[in-house]
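The structure appears right after this line, and notes come after that.
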Amino acid sequence: MSMQASEFKQLFLPLSRQIYWMAWRLTGNAEEAEDLTQEVYAQLWTKRESLSGISNPIAYCSVLVRNLYLNQTRKQRLETTDMIGVHAVGDIYSLEDALVEKQACEQVMRLIGQLPEQQRKIVTMHDVEGWSNEEIHQHTGLAPTHIRVLLSRARKTIRQLFKN
């Protein structure tokens with residue numbers, strides 16, 4: 001069943017702020033984040049025929065943002081390599097750094113999965129999906145102080161597990 005334009009607007013347009021901030025965290029640049037956000041919406045619109053079965057739109061969008069960013073980064077790196085013709089020593093180190101960073105990110109995601117349910121839910125909403133404490137409060141009904149405590153405990157546990 002295909003998604004109608006009204007359903008698309010109702011489901012995905014309210015996520016634009018969160019999508020933009022995910023893109024901004026990846027790019028570190030407002031203009032590139034806007035471009036990436038537009039690209040996300042273009043991809044979503046193109047795939048709207050298969051989006052009606054999505055149970056968690058923000059998670060789907062966060063994966064889409066990350067994948068589009070990585071694809072653009074790879075494409076830019078390939079274009080730069082084609083223009084230069086050889087890899088500079090700095091590029092080799094940046095590739096190694098990117099691999100180490102990716103592995104660390106995957107390990108942190110596994111560690112998040114090991115947290116108690118409530119901590120896992122809160123840290124995922126706040127740190128992975130980019131929700132504000134107020135949005136988490138509205139969604140879960142938890143007191144803002146309790147949210148901060150859960151985030152603090154979760155982050156402390158992740159740091160300890162990551163060091164080991």
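By convention here, the chains of the structure tokens are called A, B, ... in the order presented, each chain's residues are numbered starting at 1, and ligands are numbered starting at 1 in the order presented.
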All alpha helix (DSSP H) positions in segment 1-158 of chain A, as a PyMOL selection string: chain A and resi 5-12+16-27+30-46+57-84+89-114+117-123+133-140+144-158
Give me the residues of segment 12-89 of chain A that have any atom at most 12 Å from an atom of segment 117-125 of chain A; for each, the nearest atom pair and the distance in Å, rounded to one decimal. Use only C-alpha atoms, sort by chain and number, and format it as CSV.
```
residue,atom,partner,partner_atom,distance
A:Gln18,CA,A:Met125,CA,11.0
A:Asn56,CA,A:Met125,CA,11.8
A:Ile58,CA,A:Met125,CA,9.8
A:Ala59,CA,A:Met125,CA,9.6
A:Ser62,CA,A:Met125,CA,11.5
```
Can you pull out every residue within 10 Å of segment 51-55 of chain A, counting only C-alpha atoms, but drop anything in the same chain fewer than 5 positions away, and send it as a list in words? Met1, Ser2, Met3, Gln4, Glu7, Phe8, Leu11, Leu44, Trp45, Thr46 and Tyr60 of chain A
Using the selection just defined, write its residues with N, CA and C atoms as an mmCIF file, in the first residue's frame.
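As a result, part-v9.cif now contains:
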```
data_model
loop_
_atom_site.group_PDB
_atom_site.id
_atom_site.type_symbol
_atom_site.label_atom_id
_atom_site.label_comp_id
_atom_site.auth_asym_id
_atom_site.auth_seq_id
_atom_site.Cartn_x
_atom_site.Cartn_y
_atom_site.Cartn_z
ATOM 1 N N MET A 1 0.840 -1.166 0.000
ATOM 2 C CA MET A 1 0.000 0.000 0.000
ATOM 3 C C MET A 1 0.892 1.239 0.000
ATOM 4 N N SER A 2 0.623 2.165 -0.868
ATOM 5 C CA SER A 2 1.465 3.350 -0.974
ATOM 6 C C SER A 2 1.016 4.426 0.009
ATOM 7 N N MET A 3 1.948 5.256 0.387
ATOM 8 C CA MET A 3 1.687 6.325 1.330
ATOM 9 C C MET A 3 1.225 7.559 0.575
ATOM 10 N N GLN A 4 0.138 8.158 1.023
ATOM 11 C CA GLN A 4 -0.380 9.376 0.423
ATOM 12 C C GLN A 4 0.452 10.567 0.902
ATOM 13 N N GLU A 7 -0.313 11.629 4.469
ATOM 14 C CA GLU A 7 0.285 10.735 5.462
ATOM 15 C C GLU A 7 1.783 11.008 5.600
ATOM 16 N N PHE A 8 2.432 11.219 4.450
ATOM 17 C CA PHE A 8 3.856 11.517 4.434
ATOM 18 C C PHE A 8 4.143 12.783 5.238
ATOM 19 N N LEU A 11 3.613 12.209 8.992
ATOM 20 C CA LEU A 11 4.567 11.310 9.630
ATOM 21 C C LEU A 11 5.993 11.862 9.632
ATOM 22 N N LEU A 44 13.212 10.029 1.103
ATOM 23 C CA LEU A 44 11.967 9.567 1.712
ATOM 24 C C LEU A 44 10.817 9.654 0.718
ATOM 25 N N TRP A 45 10.737 10.766 0.001
ATOM 26 C CA TRP A 45 9.651 10.948 -0.967
ATOM 27 C C TRP A 45 9.754 9.910 -2.080
ATOM 28 N N THR A 46 10.972 9.641 -2.521
ATOM 29 C CA THR A 46 11.179 8.645 -3.572
ATOM 30 C C THR A 46 10.758 7.257 -3.097
ATOM 31 N N TYR A 60 14.416 5.226 11.444
ATOM 32 C CA TYR A 60 14.626 5.035 10.011
ATOM 33 C C TYR A 60 15.340 6.253 9.426
#
```
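Atom to atom, atom CA of Lys9 of chain A and atom CA of Ala42 of chain A stand 12.7 Å apart.
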Computed interatomic separation between atom CA of Gly130 of chain A and atom CA of Gln43 of chain A (Å): 20.7 Å
Students should find that atom CA of Thr145 of chain A and atom CA of Leu111 of chain A are spaced 23.5 Å
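Each of A:Ala5, A:Ile158, A:Leu15, A:Cys61 was compared to Cys105 of chain A using only C-alpha atoms, and A:Ile158 turns out to be the nearest.
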